[in-house]
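Just below is one structure, and these are the notes that go with it.
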Number of protein chains: 2
Amino acid sequence: MKDSSLVAGVEISTEKEDLICYSYDASGAAAMLPFAVAWPRNTDQVINIVKFADANNHSIIARGAGTGMAGASVPASNGIVISFEKMRKMLDVDTKNMTVTVEPGIINGKLQKELEYLGYFYPPDPASLNNCTIGGNVATNAGGPRALKYGVTRDYVMGMEAVMSDGSLIAAGGKTHKRVVGYDLRNLLIGSEGTLALATKIRLRMLPLPEDIMTLLVLFGKLESSGTAVSKIIAAKIIPRTMELLDKSAIEAIENYKPVGLPTDVDALLLIELDGYPTTIEKEAGRVVDICRALGGEVIVAEDSMAGERLWDARRSMSAALYHIKPAKINEDIVVPIDKVSLMLSELRRMSESSGIKIVSFGHAGDGNLHVNIMVDKNNKEEYAKGVELVPKIFEVTLRLGGSLSGEHGIGLTKASYFSMEVKRRELELMKGIKGVFDPKGLMNPGKIFG
Amino acid sequence: MKDSSLVAGVEISTEKEDLICYSYDASGAAAMLPFAVAWPRNTDQVINIVKFADANNHSIIARGAGTGMAGASVPASNGIVISFEKMRKMLDVDTKNMTVTVEPGIINGKLQKELEYLGYFYPPDPASLNNCTIGGNVATNAGGPRALKYGVTRDYVMGMEAVMSDGSLIAAGGKTHKRVVGYDLRNLLIGSEGTLALATKIRLRMLPLPEDIMTLLVLFGKLESSGTAVSKIIAAKIIPRTMELLDKSAIEAIENYKPVGLPTDVDALLLIELDGYPTTIEKEAGRVVDICRALGGEVIVAEDSMAGERLWDARRSMSAALYHIKPAKINEDIVVPIDKVSLMLSELRRMSESSGIKIVSFGHAGDGNLHVNIMVDKNNKEEYAKGVELVPKIFEVTLRLGGSLSGEHGIGLTKASYFSMEVKRRELELMKGIKGVFDPKGLMNPGKIFG
């Protein structure tokens with residue numbers, strides 16, 4: 001039962017079944033039950049909920065679709081979950097300025113499709129795009145395969161309206177790409193995982209849809225060769241829109257879960273997409289093929305867009321396929337400089353062999369962002385403990401190679417205890433200072449990022 | 001005479017001639033003499049200067065090449081000017097990761113040329129590129145004509161090492177494009193005009209050099225048609241790398257100062273550049289020509305890259321040409337949504353006619369960023385007062401059209417009194433709070449942005 005007695009006019013529930021449903025996300029992070037769940041329908045309702053929370057010292061946990069991989073939307077306090085699923089409108093498509101304004105609850109994939117009908121393109125494409133929301137994408141600065149050529153969510157947000165922890169409304173950014181008027185509040189909010197403010201309207205930049213796309217599947221007998229190929233393609237000054245890597249175990253997991261006919265007798269594969277005008281694609285494809293063949297890769301060109309889409313469906317089911325094998329697997333999304341991908345893959349293999357724990361690696365090799373899955377069973381305590389021990393070791397190697405703990409998932413709850421491995425004391429002081437400026441009472445998503 | 005007695009090992013001067021030379025920039029803003037000028041050669045020396053300033057309560061004014069148009073590097077307090085002109089090394093070109101690491105004092109145009117030899121491309125190209133420094137570009141989030149397609153400085157800075165006002169060193173950003181690890185300190189520093197920290201090392205993203213460039217000159221009998229052409233080209237899903245606008249007075253000013261044979265009997269011209277593979281350029285050029293001709297534009301294709309470069313030289317001398325006419329002209333760099341360029345140009349013409357003050361407009365029409373020059377003589381007090389009165393009126397119209405006070409110059413000293421026209425109370429509180437976190441003693445470039 002959902003009633004409006006707590007905050008006038010707002011759909012809000014304190015029923016246990018609602019509290020349970022909204023106490024977890026895709027990370028599987030250990031949760032607390034919230035005090036209530038609210039479903040605002042507009043900015044005014046968000047303000048009223050926040051004012052109620054502020055007056056009663058409830059914390060505020062923003063939630064998109066709960067597809068986050070780091071537990072940022074999992075309550076770590078007895079607060080109010082604000083679900084944006086009923087604020088999902090596309091408010092304005094402005095083709096003259098190539099922008100689109102949306103409410104935070106709109107689904108990424110839905111927005112993509114709507115824009116495609118008009119001949120436009122919103123590049124950020126997390127694997128969860130058919131479920132995840134733009135608001136959640138902004139909160140985690142979501143990326144995806146196409147980030148290699150087109151960048152991440154940050155590169156497409158022009159401006160936002162956001163509600164502060166005291167219920168006041170701010171504008172961050174504006175209607176123009178160029179703008180140098182004081183400090184960049186917009187980029188501060190992007191990636192802040194609900195700890196600074198709640199975006200209620202988001203203006204995004206869009207691009208013209210590329211004329212054509214070519215999908216290449218490249219099979220490698222040696223995992224490291226796939227990493228080398230990525231590095232050589234970049235060094236050859238070609239920027240495909242995606243260069244996705246799947247290692248042997250990842251290929252096997254897909255074929256067991258949602259078979260698309262990938263060969264399981266190879267050590268790794270790259271899924272490469274080139275886009276643009278057909279003539280330029282052909283030219284670039286020729287060079288990509290040469291580089292891959294010289295490294296022993298076997299190149300298969302997807303016959304048509306349907307065949308390409310089938311491969312992407314399979315790629316996007318990767319995470320589900322792995323959960324199917326080990327429901328409690330540990331999933332990290334490290335990122336290293338592009339030329340260190342091959343070395344990182346070797347190090348992961350070495351760590352897997354020496355620990356006896358299976359590690360499945362896949363992800364956005366083209367921008368150095370690898371999804372590293374430590375395949376452990378929570379019921380097997382010894383195995384699980386070994387898996388947990390591997391996490392800081394993987395992070396150590398990542399940082400030593402000049403990388404970062406998270407390429408697109410964020411820190412949230414699950415990586416908060418490792419945060420200081422990367423962010424040093426002085427930077428942490430600055431971040432905490434900023435947090436204090438935005439949210440002096442500490443009501444916004446406590447327990448996240450900083451632990 | 002420059003001695004090192006104030007800060008051990010650091011070249012520093014308190015001689016009057018040095019103080020005078022470092023007390024102004026291209027804005028011509030009224031200045032105070034600084035207490036001293038320092039020329040550090042490395043990060044350690046910057047730290048030592050800052051620690052000396054902190055211990056003695058001197059403010060710190062960072063300075064690149066003094067080409068800023070808003071007075072951000074002009075001392076507004078009796079502090080120490082830190083000139084970065086002796087920290088100008090290119091430290092590392094990493095083609096495998098498409099990044100280049102530089103010291104802040106490197107000249108933008110020098111970096112561009114060095115990268116071009118290697119087949120790479122650093123897009124941000126302020127008109128002052130042959131003089132301005134990358135450090136200054138970062139401080140003001142500099143743009144330039146190519147921002148239309150390629151974005152601004154912010155879009156190319158991956159990471160920074162920076163010195164805080166207490167002499168501590170921080171890292172902002174990293175070595176990877178994807179990175180979601182706490183708040184975005186990097187973007188906070190970019191565009192902060194020396195009020196938060198001093199960048200001492202900057203890692204930039206670079207792109208492969210486009211294979212070819214085509215330059216089109218389009219002449220219009222009506223100013224507003226040029227704005228409409230820009231809007232229609234964007235709506236046709238073509239993104240040229242530049243669409244520069246010169247109105248009639250701007251063309252005349254160039255032809256009087258540095259003649260390149262532009263026709264002075266037209267009302268406006270657009271300088272359009274398309275880049276990429278030759279076949280795609282041809283295709284896009286055909287559509288651009290059709291759009292411009294339908295609006296009455298006469299299209300001239302630059303014969304070769306030399307001819308194109310001559311046009312750009314002329315365009316870049318625009319500011320000098322106008323100073324040549326009115327040395328005390330008032331120069332603003334407003335930005336409006338792309339589809340409002342034509343309307344803004346009409347409004348500017350109307351304001352010019354009703355005030356009797358000549359306004360010369362040119363700039364980056366393709367991204368809505370117009371350089372508006374109010375042509376007044378400081379010695380003619382009545383005229384100058386009328387010109388000053390026009391400034392807030394122009395800003396009012398700009399904001400009403402959804403625009404912003406500054407597209408690339410920043411707020412600095414000259415626009416500080418207008419800042420609150422755009423940035424409202426709550427956002428201002430947040431910015432001042434952030435300033436307090438970074439610089440509790442208020443030593444970093446006081447008097448700038450917030451007044």
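We label chains A, B, ... in the order they appear in the structure tokens, count residues from 1 in each chain, and number ligands from 1 in the order shown.
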Per residue of range 144-231 of chain B within 9 Å of range 105-119 of chain B, which atom pair is closest and at what distance in Å (one decimal), using only C-alpha atoms, listed by chain and increasing number, as CSV?
```
residue,atom,partner,partner_atom,distance
B:Thr200,CA,B:Gly105,CA,8.8
B:Met206,CA,B:Leu115,CA,8.4
B:Leu207,CA,B:Gly119,CA,8.8
B:Pro208,CA,B:Gly119,CA,6.2
B:Leu209,CA,B:Gly119,CA,5.3
B:Pro210,CA,B:Gly119,CA,8.6
```
For this session: Name all residues at most 9 Å from range 84-99 of chain B (count only C-alpha atoms; drop same-chain ones fewer than 6 positions away) and give them as a VMD selection string.
Result: (chain A and resid 231 to 232 234 to 237 337 to 339 367) or (chain B and resid 38 to 43 62 to 65 105 to 107 111 115 118 120 133 135 158 175 to 176 200 to 201 203 to 208)
For this session: Among the residues of range 110-143 of chain B, find those DSSP assigns to alpha helix (DSSP H) from the backbone and print them as number ranges by chain.
Result: B: 110-117, 134-140
Exercise. Mind pulling up the distance from CA of His177 in chain A to CA of Ala268 in chain B?
Worked result: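 Computed distance, CA of Ala268 in chain B to CA of His177 in chain A, equals 24.1 Å.
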Exercise. What are the DSSP strand (DSSP E or B) residues of range 123-225 of chain A, as number ranges by chain?
Worked result: A: 133, 157-163, 169-173, 198-205, 207-208, 212-220
Exercise. Just how far from CA of Gly276 in chain A is CA of Ile213 in chain A, in Å to one decimal?
Worked result: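 CA of Ile213 in chain A sits 6.7 Å away from CA of Gly276 in chain A.
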